file coords22.txt (compact mmCIF, C-alpha atoms)
# COMPACT_ATOMS: atom_id res chain seq x y z
CA MET A 749 86.51 109.15 165.25
CA ILE A 750 83.00 109.85 166.48
CA ALA A 751 81.86 113.25 165.25
CA ALA A 752 80.50 115.61 167.89
CA ASP A 753 77.21 115.93 166.02
CA ARG A 754 76.61 112.20 166.56
CA ALA A 755 77.24 112.36 170.32
CA ALA A 756 75.03 113.62 173.12
CA LEU A 757 76.53 115.67 175.89
CA VAL A 758 75.15 114.40 179.20
CA LEU A 759 75.93 116.85 181.98
CA LEU A 760 75.51 115.34 185.42
CA ALA A 761 74.33 118.00 187.87
CA ALA A 762 72.19 115.99 190.28
CA GLY A 763 74.68 115.19 193.01
CA ARG A 764 73.60 115.89 196.58
CA SER A 765 76.83 117.82 197.31
CA ARG A 766 76.80 116.67 200.94
CA ARG A 767 80.48 117.52 201.37
CA PHE A 768 79.88 121.09 200.18
CA GLY A 769 77.38 121.92 202.92
CA ALA A 770 73.95 123.51 202.64
CA LEU A 771 74.79 125.68 199.61
CA ASP A 772 73.76 124.92 196.03
CA LYS A 773 77.33 124.16 194.96
CA LEU A 774 76.68 124.71 191.27
CA THR A 775 75.53 128.30 191.83
CA VAL A 776 78.49 129.32 194.04
CA PRO A 777 80.52 132.02 192.23
CA TYR A 778 83.85 131.09 190.68
CA LEU A 779 85.68 133.61 188.46
CA GLY A 780 82.57 135.72 187.99
CA ARG A 781 80.06 133.03 187.06
CA PRO A 782 78.35 130.13 188.82
CA LEU A 783 80.63 127.12 189.27
CA GLY A 784 78.28 124.87 187.29
CA LEU A 785 78.28 127.11 184.23
CA HIS A 786 82.01 126.91 183.52
CA VAL A 787 81.87 123.54 181.77
CA VAL A 788 78.63 124.63 180.04
CA VAL A 789 80.30 127.72 178.57
CA ALA A 790 83.51 125.85 177.69
CA LEU A 791 81.56 123.25 175.68
CA GLU A 792 79.20 125.66 173.89
CA VAL A 793 81.48 125.56 170.83
CA VAL A 794 81.20 121.77 170.47
CA PRO A 795 78.33 120.96 168.07
CA PHE A 796 76.84 118.02 169.98
CA HIS A 797 73.85 116.11 168.61
CA CYS A 798 72.00 117.22 171.74
CA ARG A 799 72.71 118.47 175.26
CA ILE A 800 71.10 116.83 178.28
CA ALA A 801 71.42 117.93 181.89
CA VAL A 802 70.45 115.56 184.68
CA VAL A 803 69.57 117.71 187.70
CA SER A 804 67.95 117.37 191.10
CA ASP A 805 67.92 120.49 193.26
CA THR A 806 69.75 123.40 191.69
CA ALA A 807 68.77 126.93 190.75
CA LEU A 808 71.08 126.74 187.72
CA ASP A 809 68.97 127.33 184.59
CA LEU A 810 70.45 124.87 182.13
CA ALA A 811 67.39 124.90 179.87
CA ALA A 812 68.21 128.53 179.07
CA ARG A 813 71.60 127.28 177.85
CA GLY A 814 70.06 124.83 175.36
CA TYR A 815 69.96 121.71 177.52
CA ARG A 816 67.11 119.27 177.71
CA VAL A 817 66.70 119.07 181.48
CA VAL A 818 65.97 115.65 182.97
CA ALA A 819 64.99 115.63 186.64
CA ASN A 820 66.50 113.04 188.93
CA ALA A 821 63.81 112.84 191.62
CA ASP A 822 65.92 110.44 193.70
CA PRO A 823 69.56 111.59 193.76
CA ALA A 824 70.07 109.48 196.90
CA ALA A 825 69.86 106.42 194.59
CA GLY A 826 73.37 107.32 193.47
CA LEU A 827 75.30 108.27 190.37
CA GLY A 828 74.01 105.20 188.53
CA ARG A 829 70.50 106.66 188.46
CA SER A 830 71.70 109.94 186.93
CA LEU A 831 73.69 108.01 184.31
CA ARG A 832 70.65 105.87 183.46
CA LEU A 833 68.44 108.92 183.04
CA GLY A 834 70.96 110.78 180.90
CA VAL A 835 71.84 107.84 178.67
CA ALA A 836 68.16 106.95 178.18
CA ALA A 837 67.44 110.53 177.08
CA ALA A 838 70.44 110.47 174.70
CA ALA A 839 69.38 107.14 173.21
CA SER A 840 65.81 108.37 172.67
CA ALA A 841 67.25 111.43 170.88
CA GLY A 842 69.11 109.16 168.45
CA ALA A 843 72.65 109.79 169.70
CA GLU A 844 75.33 107.31 168.66
CA ALA A 845 77.51 108.07 171.68
CA VAL A 846 77.35 109.90 175.00
CA LEU A 847 79.94 112.24 176.43
CA ILE A 848 79.48 112.25 180.21
CA ALA A 849 80.67 115.45 181.90
CA LEU A 850 80.30 116.68 185.47
CA ALA A 851 78.94 120.14 186.23
CA ASP A 852 81.43 120.58 189.07
CA MET A 853 84.53 120.32 186.87
CA PRO A 854 85.04 124.00 185.95
CA ARG A 855 88.30 123.66 184.03
CA VAL A 856 87.36 121.13 181.36
CA THR A 857 88.09 122.47 177.88
CA ALA A 858 86.55 121.95 174.46
CA THR A 859 90.01 120.98 173.20
CA HIS A 860 90.11 118.06 175.60
CA ILE A 861 86.60 116.97 174.59
CA TYR A 862 87.66 116.96 170.93
CA ARG A 863 90.62 114.77 171.89
CA LEU A 864 88.20 112.27 173.46
CA LEU A 865 86.00 112.32 170.36
CA ASP A 866 89.04 111.87 168.09
CA ARG A 867 90.11 108.78 170.05
CA ALA A 868 86.65 107.17 169.85
CA GLU A 869 86.60 104.88 166.83
CA ASP A 870 83.10 103.40 166.71
CA ALA A 871 80.04 102.31 168.68
CA SER A 872 82.17 100.12 170.96
CA ALA A 873 84.34 103.04 172.10
CA ILE A 874 85.07 103.81 175.74
CA VAL A 875 87.36 106.82 176.11
CA ALA A 876 87.97 108.48 179.45
CA SER A 877 90.04 111.34 180.74
CA SER A 878 93.03 110.72 182.95
CA ASP A 879 95.58 112.71 184.88
CA GLY A 880 98.09 109.98 184.01
CA VAL A 881 97.15 107.92 187.06
CA ILE A 882 93.38 107.70 187.53
CA PRO A 883 90.80 107.50 184.72
CA ARG A 884 87.80 109.78 185.27
CA PRO A 885 85.21 111.95 183.56
CA PRO A 886 84.69 113.42 181.14
CA ALA A 887 84.23 110.09 179.43
CA LEU A 888 82.75 109.01 176.12
CA PHE A 889 80.79 105.81 175.51
CA GLY A 890 79.68 104.46 172.15
CA SER A 891 76.12 103.21 171.75
CA ARG A 892 77.11 99.54 172.30
CA HIS A 893 77.53 100.45 175.97
CA PHE A 894 74.18 102.19 176.43
CA ASP A 895 72.49 99.08 177.89
CA GLU A 896 75.38 98.56 180.32
CA LEU A 897 75.23 102.20 181.39
CA MET A 898 71.46 102.03 181.87
CA ALA A 899 71.88 98.95 184.08
CA LEU A 900 74.16 100.74 186.57
CA ARG A 901 73.02 101.05 190.17
CA GLY A 902 74.35 102.84 193.22
CA ASP A 903 77.17 105.35 193.51
CA VAL A 904 79.93 103.51 191.65
CA GLY A 905 78.90 104.95 188.31
CA ALA A 906 80.72 103.74 185.20
CA ARG A 907 84.06 103.20 187.00
CA ASP A 908 84.55 99.62 185.74
CA LEU A 909 83.75 100.57 182.15
CA VAL A 910 86.08 103.57 182.33
CA ARG A 911 88.95 101.42 183.61
CA ARG A 912 88.81 99.12 180.61
CA GLY A 913 88.60 101.92 178.05
CA HIS A 914 91.20 104.11 176.39
CA HIS A 915 92.53 106.98 178.47
CA VAL A 916 93.37 110.43 177.15
CA ILE A 917 95.78 112.33 179.38
CA ALA A 918 94.94 115.89 180.41
CA PRO A 919 96.76 118.19 182.80
CA PRO A 920 95.59 117.43 186.36
CA ALA A 921 94.51 121.07 186.78
CA GLU A 922 92.01 120.62 183.94
CA LEU A 923 90.35 117.65 185.63
CA ILE A 924 89.75 119.25 189.02
CA ASP A 925 86.45 118.20 190.56
CA ILE A 926 85.02 120.54 193.22
CA ASP A 927 83.55 118.51 196.09
CA THR A 928 84.14 120.73 199.13
CA PRO A 929 84.42 124.45 199.94
CA SER A 930 88.14 123.90 200.56
CA ASP A 931 88.49 122.48 197.01
CA LEU A 932 86.99 125.70 195.66
CA ASP A 933 89.16 127.81 197.98
CA ARG A 934 92.31 126.03 196.71
CA LEU A 935 91.17 126.62 193.13
CA ASN A 936 90.57 130.32 193.84
CA HIS A 937 93.92 130.82 195.60
CA GLY A 938 96.14 128.11 194.14
call {"tool": "encode", "arguments": {"input": "coords22.txt", "output": "structure tokens"}}
result
Amino acid sequence: MIAADRAALVLLAAGRSRRFGALDKLTVPYLGRPLGLHVVVALEVVPFHCRIAVVSDTALDLAARGYRVVANADPAAGLGRSLRLGVAAAASAGAEAVLIALADMPRVTATHIYRLLDRAEDASAIVASSDGVIPRPPALFGSRHFDELMALRGDVGARDLVRRGHHVIAPPAELIDIDTPSDLDRLNHG
């Protein structure tokens, strides 16, 4: 098991949200708070080594929530760039693992994150979430994978690493990722 206080939480919040339209997706209200703050609030109880948010163009004030904010000046370079920036910040802070979470996944729970940490055995760990079919974030990577993560390019992200890791099943409703206004509408009315 990798203890939470040895892992950095890297919250990816730098996506261009093209499918959501002109709105700042992370600030759109959902259940009385901005969409992007749901995962932040849910994970406040987890005593991470540090919290890092990789952002580009959002009004969400993650620094006020205890995050070290890292600006991604070129979100068009893809998810790989955000991962590189977040993992580099975590490594420089002395983290032994990174837990990658997405700011547009409002139903992720601390219980699920603890299940990922419990499954991670050592620095070679790769543990991802799954709905029973597709592995996805949140995902945890031990420090042996930091160089691989920092070498990623484009929009594929860590998909290949995640596929070869261990998968912890969560209810599909917990792993909902909001990409479009209709996704949010279904979540509000479903």
call {"tool": "atom_distance", "arguments": {"input": "coords22.txt", "atom1": "CA of Leu923 (chain A)", "atom2": "CA of Val881 (chain A)"}}
result
12.0 Å
call {"tool": "closest_residue", "arguments": {"input": "coords22.txt", "among": "A:Ala871, A:Val904, A:Leu774, A:Ala825", "to": "Ser891 (chain A)", "atoms": "only C-alpha atoms"}}
result
A:Ala871
call {"tool": "residues_near_point", "arguments": {"input": "coords22.txt", "point": "(89.3, 110.9, 169.8)", "cutoff": "10 Å", "atoms": "only C-alpha atoms", "output": "list in words"}}
result
Met749, Ile750, Ala751, His860, Ile861, Tyr862, Arg863, Leu864, Leu865, Asp866, Arg867, Ala868, Glu869, Ala873, Val875, Leu888, His914 and Val916 of chain A
call {"tool": "atom_distance", "arguments": {"input": "coords22.txt", "atom1": "CA of Ser878 (chain A)", "atom2": "CA of Val910 (chain A)"}}
result
10.0 Å
call {"tool": "closest_residue", "arguments": {"input": "coords22.txt", "among": "A:Ala807, A:Ala841, A:Cys798, A:Leu932", "to": "Ala752 (chain A)", "atoms": "all atoms listed in the file"}}
result
A:Cys798
call {"tool": "atom_distance", "arguments": {"input": "coords22.txt", "atom1": "CA of Arg781 (chain A)", "atom2": "CA of Gly905 (chain A)"}}
result
28.1 Å
call {"tool": "residues_around", "arguments": {"input": "coords22.txt", "residues": "His797 (chain A)", "least_positions_apart": "5", "cutoff": "7 Å", "atoms": "only C-alpha atoms", "output": "PyMOL selection string"}}
result
chain A and resi 752-756+843
call {"tool": "write_last_selection", "arguments": {"input": "coords22.txt", "atoms": "C-alpha atoms", "output": "compact mmCIF listing (two decimals), keeping the file's coordinate frame"}}
result
# COMPACT_ATOMS: atom_id res chain seq x y z
CA ALA A 752 80.50 115.61 167.89
CA ASP A 753 77.21 115.93 166.02
CA ARG A 754 76.61 112.20 166.56
CA ALA A 755 77.24 112.36 170.32
CA ALA A 756 75.03 113.62 173.12
CA ALA A 843 72.65 109.79 169.70
call {"tool": "closest_residue", "arguments": {"input": "coords22.txt", "among": "A:Leu808, A:Leu827, A:Leu760, A:Val788", "to": "Val776 (chain A)", "atoms": "all atoms listed in the file"}}
result
A:Leu808
call {"tool": "closest_residue", "arguments": {"input": "coords22.txt", "among": "A:Lys773, A:Arg832, A:Arg855, A:Arg799", "to": "Val787 (chain A)", "atoms": "all atoms listed in the file"}}
result
A:Arg855
call {"tool": "closest_residue", "arguments": {"input": "coords22.txt", "among": "A:Asp933, A:Asp908, A:Asp903, A:Asp852", "to": "Ala876 (chain A)", "atoms": "only C-alpha atoms"}}
result
A:Asp908
call {"tool": "closest_residue", "arguments": {"input": "coords22.txt", "among": "A:Ala819, A:Met853, A:Val803, A:Ala837", "to": "Phe894 (chain A)", "atoms": "all atoms listed in the file"}}
result
A:Ala837
call {"tool": "closest_atom_pairs", "arguments": {"input": "coords22.txt", "of": "region 778-867 of chain A", "to": "region 926-929 of chain A", "cutoff": "10 Å", "atoms": "all atoms listed in the file", "output": "Markdown table"}}
result
| residue | atom | partner | partner_atom | distance |
| --- | --- | --- | --- | --- |
| A:Leu783 | CA | A:Ile926 | CA | 8.8 |
| A:Gly784 | CA | A:Ile926 | CA | 10.0 |
| A:Leu850 | CA | A:Ile926 | CA | 9.9 |
| A:Ala851 | CA | A:Ile926 | CA | 9.3 |
| A:Asp852 | CA | A:Ile926 | CA | 5.5 |
| A:Met853 | CA | A:Ile926 | CA | 6.4 |
| A:Pro854 | CA | A:Ile926 | CA | 8.1 |
call {"tool": "residues_around", "arguments": {"input": "coords22.txt", "residues": "Ile800 (chain A)", "least_positions_apart": "4", "cutoff": "7 Å", "atoms": "only C-alpha atoms", "output": "list in words"}}
result
Leu757, Val758, Leu759, Tyr815, Arg816, Val817 and Gly834 of chain A
call {"tool": "axis_aligned_box", "arguments": {"input": "coords22.txt", "around": "region 817-831 of chain A", "padding_each_side": "5 Å", "output": "JSON"}}
result
{"center_x": 69.6, "center_y": 112.1, "center_z": 189.2, "size_x": 21.5, "size_y": 23.9, "size_z": 25.4}
call {"tool": "residues_around", "arguments": {"input": "coords22.txt", "residues": "Ala762 (chain A)", "least_positions_apart": "5", "cutoff": "8 Å", "atoms": "only C-alpha atoms", "output": "short mmCIF file (atom, residue, chain, number, x, y, z; two decimals) with C-alpha atoms, in the coordinates of the input"}}
result
data_model
loop_
_atom_site.label_atom_id
_atom_site.label_comp_id
_atom_site.auth_asym_id
_atom_site.auth_seq_id
_atom_site.Cartn_x
_atom_site.Cartn_y
_atom_site.Cartn_z
CA VAL A 802 70.45 115.56 184.68
CA VAL A 803 69.57 117.71 187.70
CA SER A 804 67.95 117.37 191.10
CA ASP A 805 67.92 120.49 193.26
CA THR A 806 69.75 123.40 191.69
CA ASN A 820 66.50 113.04 188.93
CA PRO A 823 69.56 111.59 193.76
CA SER A 830 71.70 109.94 186.93
#
call {"tool": "decode", "arguments": {"input": "coords22.txt", "residues": "region 834-846 of chain A", "atoms": "all heavy atoms", "output": "tab-separated table (two decimals), in the first residue's frame"}}
result
chain	number	residue	atom	x	y	z
A	834	GLY	N	2.24	18.22	-14.37
A	834	GLY	CA	1.81	17.77	-13.04
A	834	GLY	C	2.77	16.80	-12.40
A	834	GLY	O	3.09	16.92	-11.21
A	835	VAL	N	3.25	15.83	-13.17
A	835	VAL	CA	4.18	14.84	-12.63
A	835	VAL	C	5.51	15.49	-12.27
A	835	VAL	O	6.11	15.18	-11.23
A	835	VAL	CB	4.36	13.66	-13.60
A	835	VAL	CG1	5.46	12.72	-13.13
A	835	VAL	CG2	3.04	12.91	-13.76
A	836	ALA	N	5.98	16.42	-13.10
A	836	ALA	CA	7.23	17.12	-12.78
A	836	ALA	C	7.10	17.89	-11.47
A	836	ALA	O	8.01	17.87	-10.63
A	836	ALA	CB	7.61	18.06	-13.92
A	837	ALA	N	5.97	18.55	-11.27
A	837	ALA	CA	5.75	19.29	-10.01
A	837	ALA	C	5.70	18.33	-8.82
A	837	ALA	O	6.25	18.62	-7.76
A	837	ALA	CB	4.47	20.11	-10.11
A	838	ALA	N	5.06	17.18	-9.00
A	838	ALA	CA	4.97	16.19	-7.92
A	838	ALA	C	6.34	15.63	-7.59
A	838	ALA	O	6.70	15.47	-6.41
A	838	ALA	CB	4.01	15.06	-8.32
A	839	ALA	N	7.13	15.32	-8.61
A	839	ALA	CA	8.47	14.79	-8.39
A	839	ALA	C	9.34	15.81	-7.67
A	839	ALA	O	10.07	15.47	-6.73
A	839	ALA	CB	9.10	14.38	-9.72
A	840	SER	N	9.25	17.08	-8.07
A	840	SER	CA	10.07	18.11	-7.41
A	840	SER	C	9.64	18.32	-5.96
A	840	SER	O	10.43	18.78	-5.14
A	840	SER	CB	10.02	19.42	-8.19
A	840	SER	OG	8.78	20.06	-8.05
A	841	ALA	N	8.40	17.97	-5.64
A	841	ALA	CA	7.91	18.09	-4.26
A	841	ALA	C	8.25	16.87	-3.41
A	841	ALA	O	7.94	16.81	-2.23
A	841	ALA	CB	6.40	18.31	-4.26
A	842	GLY	N	8.89	15.86	-4.03
A	842	GLY	CA	9.31	14.68	-3.29
A	842	GLY	C	8.26	13.59	-3.16
A	842	GLY	O	8.39	12.69	-2.33
A	843	ALA	N	7.23	13.63	-3.99
A	843	ALA	CA	6.19	12.60	-3.92
A	843	ALA	C	6.73	11.26	-4.42
A	843	ALA	O	7.56	11.21	-5.33
A	843	ALA	CB	4.99	13.01	-4.77
A	844	GLU	N	6.24	10.19	-3.83
A	844	GLU	CA	6.64	8.84	-4.22
A	844	GLU	C	5.65	8.20	-5.18
A	844	GLU	O	5.88	7.12	-5.71
A	844	GLU	CB	6.79	7.96	-2.98
A	844	GLU	CG	7.91	8.44	-2.07
A	844	GLU	CD	7.99	7.63	-0.79
A	844	GLU	OE1	7.61	6.44	-0.79
A	844	GLU	OE2	8.43	8.19	0.22
A	845	ALA	N	4.53	8.89	-5.41
A	845	ALA	CA	3.51	8.42	-6.35
A	845	ALA	C	2.66	9.63	-6.73
A	845	ALA	O	2.68	10.65	-6.04
A	845	ALA	CB	2.63	7.34	-5.71
A	846	VAL	N	1.94	9.49	-7.86
A	846	VAL	CA	0.98	10.52	-8.25
A	846	VAL	C	-0.37	9.87	-8.43
A	846	VAL	O	-0.49	8.77	-8.97
A	846	VAL	CB	1.38	11.28	-9.53
A	846	VAL	CG1	2.61	12.12	-9.31
A	846	VAL	CG2	1.56	10.35	-10.71
